[in-house]
file structure16.cif (mmCIF, C-alpha atoms)
data_start
#
loop_
_atom_site.label_atom_id
_atom_site.label_comp_id
_atom_site.auth_asym_id
_atom_site.auth_seq_id
_atom_site.Cartn_x
_atom_site.Cartn_y
_atom_site.Cartn_z
CA MET A 446 -159.66 -99.00 96.97
CA ALA A 447 -158.42 -95.64 95.77
CA ASP A 448 -160.50 -92.51 96.21
CA LEU A 449 -161.69 -91.53 92.72
CA SER A 450 -163.78 -88.50 93.65
CA SER A 451 -163.03 -85.17 91.98
CA ALA A 452 -159.67 -83.55 92.59
CA PRO A 453 -157.57 -81.04 90.65
CA VAL A 454 -155.08 -82.41 88.19
CA PRO A 455 -151.89 -82.94 90.22
CA PRO A 456 -149.05 -80.54 89.49
CA VAL A 457 -146.00 -81.97 87.80
CA GLY A 458 -143.85 -83.87 90.26
CA PRO A 459 -140.54 -85.73 90.31
CA ASP A 460 -142.28 -89.00 89.41
CA ASP A 461 -143.69 -87.56 86.18
CA HIS A 462 -142.44 -88.16 82.65
CA VAL A 463 -141.45 -84.71 81.42
CA ARG A 464 -139.90 -83.64 78.15
CA GLY A 465 -138.66 -80.16 77.35
CA GLU A 466 -137.86 -77.16 79.46
CA GLY A 467 -139.79 -74.23 80.82
CA GLU A 468 -142.56 -73.33 83.22
CA GLU A 469 -145.75 -75.33 83.69
CA GLY A 470 -146.30 -76.53 80.13
CA LEU A 471 -148.84 -79.06 78.99
CA ILE A 472 -149.96 -82.16 80.86
CA VAL A 473 -151.35 -84.79 78.51
CA TYR A 474 -153.39 -87.80 79.60
CA ALA A 475 -153.05 -90.21 76.71
CA ASP A 476 -153.70 -93.82 75.75
CA LEU A 477 -150.91 -95.53 73.81
CA GLY A 478 -153.50 -97.67 72.03
CA CYS A 479 -155.60 -94.72 70.94
CA PRO A 480 -155.39 -93.60 67.30
CA ARG A 481 -156.54 -90.08 68.12
CA CYS A 482 -153.74 -89.78 70.67
CA ALA A 483 -151.25 -90.91 68.06
CA ALA A 484 -152.52 -88.28 65.65
CA ALA A 485 -152.36 -85.58 68.30
CA TRP A 486 -149.00 -86.65 69.70
CA ALA A 487 -146.99 -85.63 66.65
CA GLY A 488 -148.15 -82.03 67.03
CA LEU A 489 -147.92 -81.98 70.80
CA ALA A 490 -144.43 -83.45 70.86
CA ALA A 491 -143.17 -80.95 68.30
CA ARG A 492 -144.48 -78.04 70.30
CA PRO A 493 -141.87 -75.94 72.10
CA GLY A 494 -141.90 -75.96 75.88
CA ARG A 495 -142.48 -78.59 78.49
CA ILE A 496 -144.84 -81.51 78.07
CA THR A 497 -145.77 -84.07 80.70
CA PHE A 498 -147.12 -87.46 79.65
CA ARG A 499 -149.54 -89.26 81.93
CA HIS A 500 -150.87 -92.76 81.35
CA PHE A 501 -154.57 -93.19 80.62
CA PRO A 502 -155.02 -96.68 79.19
CA VAL A 503 -158.61 -97.74 78.55
CA ALA A 504 -158.23 -101.47 78.13
CA SER A 505 -161.80 -102.31 77.24
CA LYS A 506 -161.49 -99.97 74.25
CA HIS A 507 -157.87 -100.73 73.36
CA PRO A 508 -156.95 -104.16 74.74
CA ARG A 509 -153.19 -103.78 74.10
CA SER A 510 -153.01 -100.48 75.95
CA PRO A 511 -151.94 -101.79 79.37
CA ILE A 512 -149.08 -103.71 77.73
CA LEU A 513 -147.99 -100.66 75.76
CA HIS A 514 -148.03 -98.40 78.81
CA ALA A 515 -146.05 -100.96 80.78
CA ALA A 516 -143.57 -101.13 77.89
CA ALA A 517 -143.13 -97.35 77.99
CA GLU A 518 -142.50 -97.50 81.73
CA ALA A 519 -139.99 -100.32 81.30
CA ALA A 520 -138.19 -98.33 78.61
CA GLY A 521 -138.32 -95.36 80.96
CA ALA A 522 -136.47 -97.38 83.59
CA GLN A 523 -133.62 -97.42 81.09
CA GLY A 524 -133.95 -93.72 80.29
CA GLU A 525 -135.97 -94.02 77.09
CA PHE A 526 -139.58 -93.40 78.08
CA PHE A 527 -140.33 -90.82 75.41
CA ALA A 528 -138.40 -92.72 72.76
CA MET A 529 -140.74 -95.66 73.32
CA VAL A 530 -143.83 -93.43 73.34
CA ASP A 531 -142.72 -91.80 70.08
CA SER A 532 -141.99 -95.19 68.59
CA ILE A 533 -145.39 -96.66 69.51
CA TYR A 534 -147.32 -93.66 68.24
CA ALA A 535 -145.30 -93.55 65.04
CA ASP A 536 -146.21 -97.13 64.15
CA ARG A 537 -149.40 -98.34 65.76
CA GLY A 538 -149.67 -101.31 63.43
CA HIS A 539 -146.84 -103.24 65.08
CA VAL A 540 -147.52 -103.56 68.79
CA ASP A 541 -147.31 -107.29 69.46
CA ASP A 542 -144.53 -108.55 71.71
CA PRO A 543 -142.01 -109.30 68.92
CA HIS A 544 -142.53 -105.76 67.63
CA LEU A 545 -141.90 -104.37 71.11
CA TRP A 546 -138.71 -106.44 71.38
CA GLU A 547 -137.57 -105.01 68.06
CA ARG A 548 -138.24 -101.51 69.30
CA VAL A 549 -136.25 -102.25 72.45
CA ARG A 550 -133.31 -103.50 70.39
CA SER A 551 -133.42 -100.52 68.06
CA LEU A 552 -133.35 -98.18 71.05
CA GLY A 553 -130.30 -99.99 72.36
CA LEU A 554 -131.99 -101.15 75.55
CA ASP A 555 -131.40 -104.28 77.61
CA LEU A 556 -134.14 -106.64 76.44
CA GLU A 557 -133.95 -109.00 79.41
CA ARG A 558 -134.32 -106.14 81.83
CA PHE A 559 -137.17 -104.68 79.75
CA GLU A 560 -139.00 -108.01 79.84
CA ARG A 561 -138.56 -108.24 83.58
CA ASP A 562 -139.46 -104.64 84.34
CA ARG A 563 -142.61 -104.39 82.26
CA ARG A 564 -144.28 -107.20 84.19
CA THR A 565 -143.68 -105.84 87.67
CA ALA A 566 -146.41 -104.75 90.04
CA ALA A 567 -144.55 -101.46 90.50
CA VAL A 568 -144.97 -100.65 86.81
CA ALA A 569 -148.67 -101.53 86.85
CA GLU A 570 -149.16 -99.39 89.94
CA ARG A 571 -147.26 -96.48 88.39
CA VAL A 572 -149.55 -96.59 85.33
CA ARG A 573 -152.64 -96.94 87.51
CA ARG A 574 -151.66 -93.89 89.59
CA ASP A 575 -151.67 -91.70 86.50
CA PHE A 576 -154.96 -93.19 85.35
CA GLN A 577 -156.58 -92.54 88.71
CA SER A 578 -155.37 -88.94 88.81
CA GLY A 579 -156.92 -88.49 85.38
CA ILE A 580 -160.21 -89.98 86.53
CA ARG A 581 -160.23 -87.62 89.52
CA ALA A 582 -159.51 -84.66 87.23
CA GLY A 583 -162.52 -85.60 85.08
CA VAL A 584 -160.71 -87.07 82.10
CA ALA A 585 -163.38 -88.86 80.07
CA GLY A 586 -161.58 -89.34 76.78
CA THR A 587 -158.15 -89.17 75.30
CA PRO A 588 -156.12 -87.23 74.61
CA ALA A 589 -157.00 -84.80 77.40
CA VAL A 590 -154.68 -81.83 77.47
CA PHE A 591 -154.23 -79.57 80.49
CA ASP A 592 -152.39 -76.26 80.39
CA ALA A 593 -151.36 -75.02 83.83
CA CYS A 594 -153.59 -77.77 85.23
CA THR A 595 -156.66 -76.44 83.36
CA LEU A 596 -158.31 -78.64 80.75
CA VAL A 597 -157.84 -76.99 77.37
CA ALA A 598 -158.53 -79.64 74.78
CA VAL A 599 -161.20 -82.30 74.51
CA ARG A 600 -162.91 -83.84 71.54
CA GLU A 601 -166.37 -82.53 70.65
CA ARG A 602 -168.85 -84.99 69.20
CA GLU A 603 -172.57 -85.11 68.50
CA PHE A 604 -173.37 -88.18 70.62
CA MET B 827 -185.46 -84.96 85.12
CA ILE B 828 -186.78 -86.98 88.00
CA ALA B 829 -186.06 -85.35 91.35
CA ALA B 830 -183.99 -86.80 94.17
CA GLY B 831 -186.15 -87.98 97.03
CA THR B 832 -188.96 -89.31 94.85
CA PRO B 833 -189.74 -93.01 94.36
CA ALA B 834 -187.92 -94.43 91.35
CA PRO B 835 -190.52 -95.58 88.76
CA ASP B 836 -190.49 -99.35 88.54
CA PHE B 837 -189.90 -101.03 85.20
CA THR B 838 -189.40 -104.41 83.64
CA LEU B 839 -187.09 -104.54 80.62
CA ARG B 840 -185.09 -107.19 78.82
CA ASP B 841 -181.35 -107.32 79.32
CA GLN B 842 -178.71 -108.10 76.67
CA ASP B 843 -179.52 -111.80 77.01
CA GLY B 844 -183.25 -111.29 76.63
CA GLU B 845 -183.93 -111.90 80.32
CA LYS B 846 -186.54 -109.75 82.05
CA VAL B 847 -185.10 -107.43 84.70
CA SER B 848 -187.14 -105.23 87.02
CA LEU B 849 -186.08 -102.32 89.16
CA SER B 850 -187.64 -104.13 92.10
CA ASP B 851 -185.12 -106.97 91.59
CA TYR B 852 -182.51 -104.56 93.00
CA ARG B 853 -184.45 -103.71 96.16
CA GLY B 854 -182.01 -103.76 99.08
CA ARG B 855 -179.09 -102.78 96.87
CA LYS B 856 -177.92 -99.47 95.45
CA LEU B 857 -178.27 -99.16 91.69
CA LEU B 858 -176.86 -96.60 89.27
CA LEU B 859 -178.99 -96.29 86.14
CA VAL B 860 -177.03 -94.97 83.18
CA PHE B 861 -179.37 -93.70 80.47
CA TYR B 862 -177.55 -93.21 77.17
CA PRO B 863 -178.45 -92.39 73.55
CA GLY B 864 -177.59 -95.61 71.78
CA ASP B 865 -175.36 -98.61 71.28
CA PHE B 866 -172.32 -98.11 69.06
CA SER B 867 -172.33 -94.31 69.10
CA PRO B 868 -168.73 -93.16 69.66
CA VAL B 869 -169.47 -91.32 72.89
CA CYS B 870 -171.55 -94.17 74.34
CA GLY B 871 -168.73 -96.58 73.61
CA ASP B 872 -166.24 -94.34 75.34
CA GLN B 873 -168.55 -93.90 78.32
CA PHE B 874 -169.02 -97.60 79.00
CA SER B 875 -165.37 -98.36 78.29
CA LEU B 876 -164.32 -95.78 80.85
CA TYR B 877 -166.79 -96.98 83.47
CA GLN B 878 -165.57 -100.55 82.91
CA GLU B 879 -162.09 -99.41 83.97
CA VAL B 880 -163.37 -98.29 87.37
CA LYS B 881 -165.94 -101.01 87.86
CA PRO B 882 -164.07 -102.57 90.83
CA GLU B 883 -164.07 -99.22 92.60
CA ILE B 884 -167.79 -98.74 91.89
CA ALA B 885 -168.54 -102.26 93.14
CA ALA B 886 -166.50 -101.55 96.27
CA LYS B 887 -168.98 -98.79 97.05
CA GLY B 888 -171.76 -101.36 96.96
CA ILE B 889 -173.21 -100.04 93.71
CA GLU B 890 -174.42 -101.97 90.69
CA LEU B 891 -174.36 -100.15 87.38
CA VAL B 892 -176.94 -100.76 84.65
CA GLY B 893 -177.18 -99.07 81.25
CA ILE B 894 -180.52 -98.28 79.56
CA SER B 895 -181.12 -97.22 75.98
CA VAL B 896 -183.82 -97.60 73.34
CA ASP B 897 -181.86 -100.26 71.44
CA SER B 898 -182.99 -103.86 71.09
CA PHE B 899 -181.44 -106.47 73.36
CA PHE B 900 -179.75 -108.00 70.33
CA ALA B 901 -177.94 -104.72 69.72
CA HIS B 902 -177.04 -104.53 73.40
CA LYS B 903 -175.41 -107.95 73.22
CA ALA B 904 -173.40 -107.01 70.16
CA PHE B 905 -172.37 -103.68 71.74
CA GLN B 906 -171.19 -105.44 74.89
CA GLU B 907 -169.24 -108.02 72.94
CA LYS B 908 -167.63 -105.50 70.61
CA LEU B 909 -166.35 -103.37 73.46
CA GLY B 910 -165.62 -106.20 75.84
CA PHE B 911 -167.47 -104.87 78.85
CA ASP B 912 -169.91 -106.70 81.09
CA THR B 913 -172.22 -103.98 82.38
CA THR B 914 -175.86 -105.07 82.23
CA LEU B 915 -177.71 -103.22 79.45
CA LEU B 916 -181.50 -102.92 79.44
CA SER B 917 -183.63 -102.47 76.36
CA ASP B 918 -186.14 -99.60 76.60
CA PHE B 919 -187.40 -100.68 73.20
CA GLU B 920 -191.17 -101.07 73.28
CA PRO B 921 -192.92 -98.78 73.96
CA LYS B 922 -189.85 -96.91 72.81
CA GLY B 923 -188.23 -94.87 75.54
CA GLU B 924 -191.05 -95.39 78.02
CA VAL B 925 -188.70 -95.80 80.98
CA ALA B 926 -186.52 -92.89 79.91
CA ARG B 927 -189.66 -90.76 79.73
CA ALA B 928 -190.69 -91.86 83.22
CA TYR B 929 -187.33 -90.67 84.52
CA GLY B 930 -187.46 -87.44 82.52
CA SER B 931 -184.45 -88.39 80.45
CA TYR B 932 -186.03 -88.83 77.00
CA LEU B 933 -185.16 -86.29 74.32
CA ASP B 934 -188.25 -85.68 72.20
CA GLY B 935 -187.33 -84.99 68.61
CA LEU B 936 -184.09 -86.92 68.86
CA GLY B 937 -185.70 -90.24 69.77
CA PHE B 938 -183.37 -91.33 72.53
CA ALA B 939 -182.44 -90.63 76.14
CA ASN B 940 -180.00 -87.95 77.14
CA ARG B 941 -176.93 -89.07 79.00
CA THR B 942 -178.32 -89.29 82.52
CA LEU B 943 -177.21 -90.92 85.76
CA VAL B 944 -179.78 -91.87 88.38
CA LEU B 945 -178.71 -93.37 91.70
CA VAL B 946 -181.48 -95.43 93.30
CA ASP B 947 -181.00 -96.32 96.94
CA GLU B 948 -181.79 -99.58 98.71
CA ASP B 949 -185.46 -98.76 99.27
CA GLY B 950 -186.15 -97.67 95.70
CA THR B 951 -185.86 -93.92 96.17
CA VAL B 952 -183.98 -91.66 93.78
CA ALA B 953 -180.95 -90.53 95.78
CA TRP B 954 -179.12 -88.45 93.18
CA THR B 955 -179.27 -87.54 89.51
CA TYR B 956 -176.99 -86.05 86.89
CA GLU B 957 -177.95 -84.98 83.37
CA SER B 958 -175.34 -84.10 80.77
CA PRO B 959 -175.67 -80.69 79.11
CA ASN B 960 -175.94 -82.47 75.76
CA PRO B 961 -175.71 -86.05 74.44
CA GLY B 962 -172.20 -85.40 73.14
CA GLU B 963 -170.76 -85.16 76.64
CA PHE B 964 -170.67 -87.85 79.25
CA PRO B 965 -169.92 -87.43 82.91
CA GLY B 966 -166.46 -88.56 83.94
CA ALA B 967 -166.28 -91.35 86.47
CA ASN B 968 -165.28 -88.81 89.12
CA VAL B 969 -168.85 -87.47 89.02
CA ILE B 970 -170.12 -90.89 90.08
CA PHE B 971 -167.62 -91.13 92.93
CA ASP B 972 -168.51 -87.63 94.10
CA ALA B 973 -172.11 -88.79 94.43
CA LEU B 974 -171.05 -91.88 96.34
CA ALA B 975 -168.69 -90.09 98.71
#
call {"tool": "encode", "arguments": {"input": "structure16.cif", "output": "structure tokens"}}
result
Amino acid sequence: MADLSSAPVPPVGPDDHVRGEGEEGLIVYADLGCPRCAAAWAGLAARPGRITFRHFPVASKHPRSPILHAAAEAAGAQGEFFAMVDSIYADRGHVDDPHLWERVRSLGLDLERFERDRRTAAVAERVRRDFQSGIRAGVAGTPAVFDACTLVAVREREF
Amino acid sequence: MIAAGTPAPDFTLRDQDGEKVSLSDYRGRKLLLVFYPGDFSPVCGDQFSLYQEVKPEIAAKGIELVGISVDSFFAHKAFQEKLGFDTTLLSDFEPKGEVARAYGSYLDGLGFANRTLVLVDEDGTVAWTYESPNPGEFPGANVIFDALA
């Protein structure tokens, strides 16, 4: 079992999904099934500078999340990770398999390869690694936004 | 807040299925009591959803996790089913909040427990506690694993 005790948020590495240029930038732990993440993503994605997306699916809250994160990884294997993320967040009402296939086609990806890739253990482990790093960094809700590895944005609620 | 090193007050409460559960039932095992304000509050839902995601890792440490709030066991059942988690939930319903008061977790004036974690060791002694600064914040799962390290 993985060690889930506290640890700093890992710096951006070669395995990360990074969009944009520049130093440091934002690291976002997000759930592709989370409506608040979708609302926040439009603003975050439009922001200048570098943004790193890390998976934080909470399946018991959003049952489709693991499938959506695996879909993003599988699209990423064909060079379209962020296109899939943007697509999912832009239309959260159509996330069943046929909708994902349609997204794959519209992005010009190889559907057979997508179907194969999204079910692999390597993809599940890749998603889980991000999730575990978020747990260790104290992520307790999404989206959690880190700037220079310091948590800068969380939701405030009464209880 | 109850202090580490003191005997954990025993209790008998009903779980989400209406079955009576006592602290003494867990003697010989480590138990993490999770006091929380109430079923269906947004933060409580997020807290149990998150803990569900790391339940295998918690179990691997030999810990059982049990939630306690002032809600009825009927509400507990509905809360569990809505969020799809299987953590045992105990009903501190009558006298309201009596167990939370015994552990120093009850918030007078608000009528519910603060978000509090209490680790009870195998012989029924409080081994560790954590109390959130306010009911709107819940401890990330890393806090639990730090205590179990």
call {"tool": "interface_residues", "arguments": {"input": "structure16.cif", "of": "chain B", "to": "chain A", "cutoff": "9 Å", "atoms": "all atoms listed in the file", "output": "count of residues only"}}
result
37
call {"tool": "residues_near_point", "arguments": {"input": "structure16.cif", "point": "(-139.4, -94.8, 76.2)", "cutoff": "12 Å", "atoms": "all atoms listed in the file", "output": "mmCIF file with C-alpha atoms, in the frame of the given file"}}
result
data_model
loop_
_atom_site.group_PDB
_atom_site.id
_atom_site.type_symbol
_atom_site.label_atom_id
_atom_site.label_comp_id
_atom_site.auth_asym_id
_atom_site.auth_seq_id
_atom_site.Cartn_x
_atom_site.Cartn_y
_atom_site.Cartn_z
ATOM 1 C CA HIS A 462 -142.440 -88.160 82.650
ATOM 2 C CA VAL A 463 -141.450 -84.710 81.420
ATOM 3 C CA ARG A 464 -139.900 -83.640 78.150
ATOM 4 C CA LEU A 477 -150.910 -95.530 73.810
ATOM 5 C CA PHE A 498 -147.120 -87.460 79.650
ATOM 6 C CA LEU A 513 -147.990 -100.660 75.760
ATOM 7 C CA HIS A 514 -148.030 -98.400 78.810
ATOM 8 C CA ALA A 515 -146.050 -100.960 80.780
ATOM 9 C CA ALA A 516 -143.570 -101.130 77.890
ATOM 10 C CA ALA A 517 -143.130 -97.350 77.990
ATOM 11 C CA GLU A 518 -142.500 -97.500 81.730
ATOM 12 C CA ALA A 519 -139.990 -100.320 81.300
ATOM 13 C CA ALA A 520 -138.190 -98.330 78.610
ATOM 14 C CA GLY A 521 -138.320 -95.360 80.960
ATOM 15 C CA ALA A 522 -136.470 -97.380 83.590
ATOM 16 C CA GLN A 523 -133.620 -97.420 81.090
ATOM 17 C CA GLY A 524 -133.950 -93.720 80.290
ATOM 18 C CA GLU A 525 -135.970 -94.020 77.090
ATOM 19 C CA PHE A 526 -139.580 -93.400 78.080
ATOM 20 C CA PHE A 527 -140.330 -90.820 75.410
ATOM 21 C CA ALA A 528 -138.400 -92.720 72.760
ATOM 22 C CA MET A 529 -140.740 -95.660 73.320
ATOM 23 C CA VAL A 530 -143.830 -93.430 73.340
ATOM 24 C CA ASP A 531 -142.720 -91.800 70.080
ATOM 25 C CA SER A 532 -141.990 -95.190 68.590
ATOM 26 C CA ILE A 533 -145.390 -96.660 69.510
ATOM 27 C CA TYR A 534 -147.320 -93.660 68.240
ATOM 28 C CA LEU A 545 -141.900 -104.370 71.110
ATOM 29 C CA ARG A 548 -138.240 -101.510 69.300
ATOM 30 C CA VAL A 549 -136.250 -102.250 72.450
ATOM 31 C CA SER A 551 -133.420 -100.520 68.060
ATOM 32 C CA LEU A 552 -133.350 -98.180 71.050
ATOM 33 C CA GLY A 553 -130.300 -99.990 72.360
ATOM 34 C CA LEU A 554 -131.990 -101.150 75.550
ATOM 35 C CA PHE A 559 -137.170 -104.680 79.750
ATOM 36 C CA ARG A 563 -142.610 -104.390 82.260
#
call {"tool": "residues_around", "arguments": {"input": "structure16.cif", "residues": "Gly467 in chain A", "least_positions_apart": "4", "cutoff": "10 Å", "atoms": "all atoms listed in the file", "output": "PyMOL selection string"}}
result
chain A and resi 493-496
call {"tool": "write_last_selection", "arguments": {"input": "structure16.cif", "atoms": "C-alpha atoms", "output": "PDB file, keeping the file's coordinate frame"}}
result
ATOM      1  CA  PRO A 493    -141.870 -75.940  72.100  1.00  0.00           C
ATOM      2  CA  GLY A 494    -141.900 -75.960  75.880  1.00  0.00           C
ATOM      3  CA  ARG A 495    -142.480 -78.590  78.490  1.00  0.00           C
ATOM      4  CA  ILE A 496    -144.840 -81.510  78.070  1.00  0.00           C
TER       5      ILE A 496
END
call {"tool": "atom_distance", "arguments": {"input": "structure16.cif", "atom1": "CA of Thr832 in chain B", "atom2": "CA of Ile889 in chain B"}}
result
19.1 Å
call {"tool": "residues_around", "arguments": {"input": "structure16.cif", "residues": "range 934-937 of chain B", "least_positions_apart": "4", "cutoff": "9 Å", "atoms": "only C-alpha atoms", "output": "VMD selection string"}}
result
chain B and resid 863 896 922 to 923
call {"tool": "resolve_selection", "arguments": {"input": "structure16.cif", "expression": "the PyMOL selection byres ((chain B and resi 944) around 12)", "output": "PyMOL selection string"}}
result
chain B and resi 827-835+856-862+889-894+926+929-931+940-943+945-947+950-958+969-970+973-974
call {"tool": "closest_residue", "arguments": {"input": "structure16.cif", "among": "B:Asp851, B:Asp897, B:Lys903, B:Ala939", "to": "Glu920 in chain B", "atoms": "all atoms listed in the file"}}
result
B:Asp897
call {"tool": "resolve_selection", "arguments": {"input": "structure16.cif", "expression": "the PyMOL selection byres ((chain B and resi 853) around 7)", "output": "ChimeraX atom specification"}}
result
/B:850-852,854-855,948-950
call {"tool": "write_last_selection", "arguments": {"input": "structure16.cif", "atoms": "C-alpha atoms", "output": "compact mmCIF listing (two decimals), keeping the file's coordinate frame"}}
result
# COMPACT_ATOMS: atom_id res chain seq x y z
CA SER B 850 -187.64 -104.13 92.10
CA ASP B 851 -185.12 -106.97 91.59
CA TYR B 852 -182.51 -104.56 93.00
CA GLY B 854 -182.01 -103.76 99.08
CA ARG B 855 -179.09 -102.78 96.87
CA GLU B 948 -181.79 -99.58 98.71
CA ASP B 949 -185.46 -98.76 99.27
CA GLY B 950 -186.15 -97.67 95.70
call {"tool": "residues_around", "arguments": {"input": "structure16.cif", "residues": "Phe837 in chain B", "least_positions_apart": "4", "cutoff": "9 Å", "atoms": "all atoms listed in the file", "output": "list in words"}}
result
Val847, Ser848, Leu849, Ser850 and Val925 of chain B
call {"tool": "atom_distance", "arguments": {"input": "structure16.cif", "atom1": "CA of Glu907 in chain B", "atom2": "CA of Tyr877 in chain B"}}
result
15.5 Å
call {"tool": "closest_residue", "arguments": {"input": "structure16.cif", "among": "B:Leu933, B:Ser895, B:Lys881, B:Glu845", "to": "Asp918 in chain B", "atoms": "all atoms listed in the file"}}
result
B:Ser895
call {"tool": "resolve_selection", "arguments": {"input": "structure16.cif", "expression": "the PyMOL selection byres ((chain A and resi 472) around 9)", "output": "PyMOL selection string"}}
result
chain A and resi 454+456-457+463+469-471+473-474+495-499+589-594
call {"tool": "atom_distance", "arguments": {"input": "structure16.cif", "atom1": "CA of Gly844 in chain B", "atom2": "CA of Phe866 in chain B"}}
result
18.7 Å
call {"tool": "build_atoms", "arguments": {"input": "structure16.cif", "residues": "range 952-968 of chain B", "atoms": "N, CA and C atoms", "output": "short mmCIF file (atom, residue, chain, number, x, y, z; two decimals), in the frame of the given file"}}
result
data_model
loop_
_atom_site.label_atom_id
_atom_site.label_comp_id
_atom_site.auth_asym_id
_atom_site.auth_seq_id
_atom_site.Cartn_x
_atom_site.Cartn_y
_atom_site.Cartn_z
N VAL B 952 -185.03 -92.34 94.53
CA VAL B 952 -183.98 -91.66 93.78
C VAL B 952 -183.13 -90.85 94.77
N ALA B 953 -181.84 -91.19 94.81
CA ALA B 953 -180.95 -90.53 95.78
C ALA B 953 -180.18 -89.38 95.15
N TRP B 954 -179.97 -89.45 93.85
CA TRP B 954 -179.12 -88.45 93.18
C TRP B 954 -179.30 -88.59 91.68
N THR B 955 -179.20 -87.48 90.97
CA THR B 955 -179.27 -87.54 89.51
C THR B 955 -178.23 -86.61 88.90
N TYR B 956 -177.87 -86.92 87.66
CA TYR B 956 -176.99 -86.05 86.89
C TYR B 956 -177.44 -86.14 85.44
N GLU B 957 -177.59 -85.00 84.78
CA GLU B 957 -177.95 -84.98 83.37
C GLU B 957 -176.90 -84.19 82.61
N SER B 958 -176.36 -84.79 81.56
CA SER B 958 -175.34 -84.10 80.77
C SER B 958 -175.95 -82.90 80.05
N PRO B 959 -175.14 -81.86 79.82
CA PRO B 959 -175.67 -80.69 79.11
C PRO B 959 -176.11 -81.02 77.69
N ASN B 960 -175.52 -82.03 77.10
CA ASN B 960 -175.94 -82.47 75.76
C ASN B 960 -175.48 -83.92 75.59
N PRO B 961 -176.06 -84.63 74.58
CA PRO B 961 -175.71 -86.05 74.44
C PRO B 961 -174.26 -86.28 74.01
N GLY B 962 -173.58 -85.24 73.57
CA GLY B 962 -172.20 -85.40 73.14
C GLY B 962 -171.20 -85.43 74.28
N GLU B 963 -171.66 -85.15 75.48
CA GLU B 963 -170.76 -85.16 76.64
C GLU B 963 -171.23 -86.22 77.62
N PHE B 964 -170.26 -86.93 78.19
CA PHE B 964 -170.67 -87.85 79.25
C PHE B 964 -169.91 -87.52 80.52
N PRO B 965 -170.58 -87.77 81.65
CA PRO B 965 -169.92 -87.43 82.91
C PRO B 965 -168.73 -88.35 83.18
N GLY B 966 -167.62 -87.77 83.55
CA GLY B 966 -166.46 -88.56 83.94
C GLY B 966 -166.81 -89.42 85.14
N ALA B 967 -166.00 -90.44 85.36
CA ALA B 967 -166.28 -91.35 86.47
C ALA B 967 -166.18 -90.63 87.81
N ASN B 968 -165.40 -89.55 87.87
CA ASN B 968 -165.28 -88.81 89.12
C ASN B 968 -166.64 -88.29 89.60
#
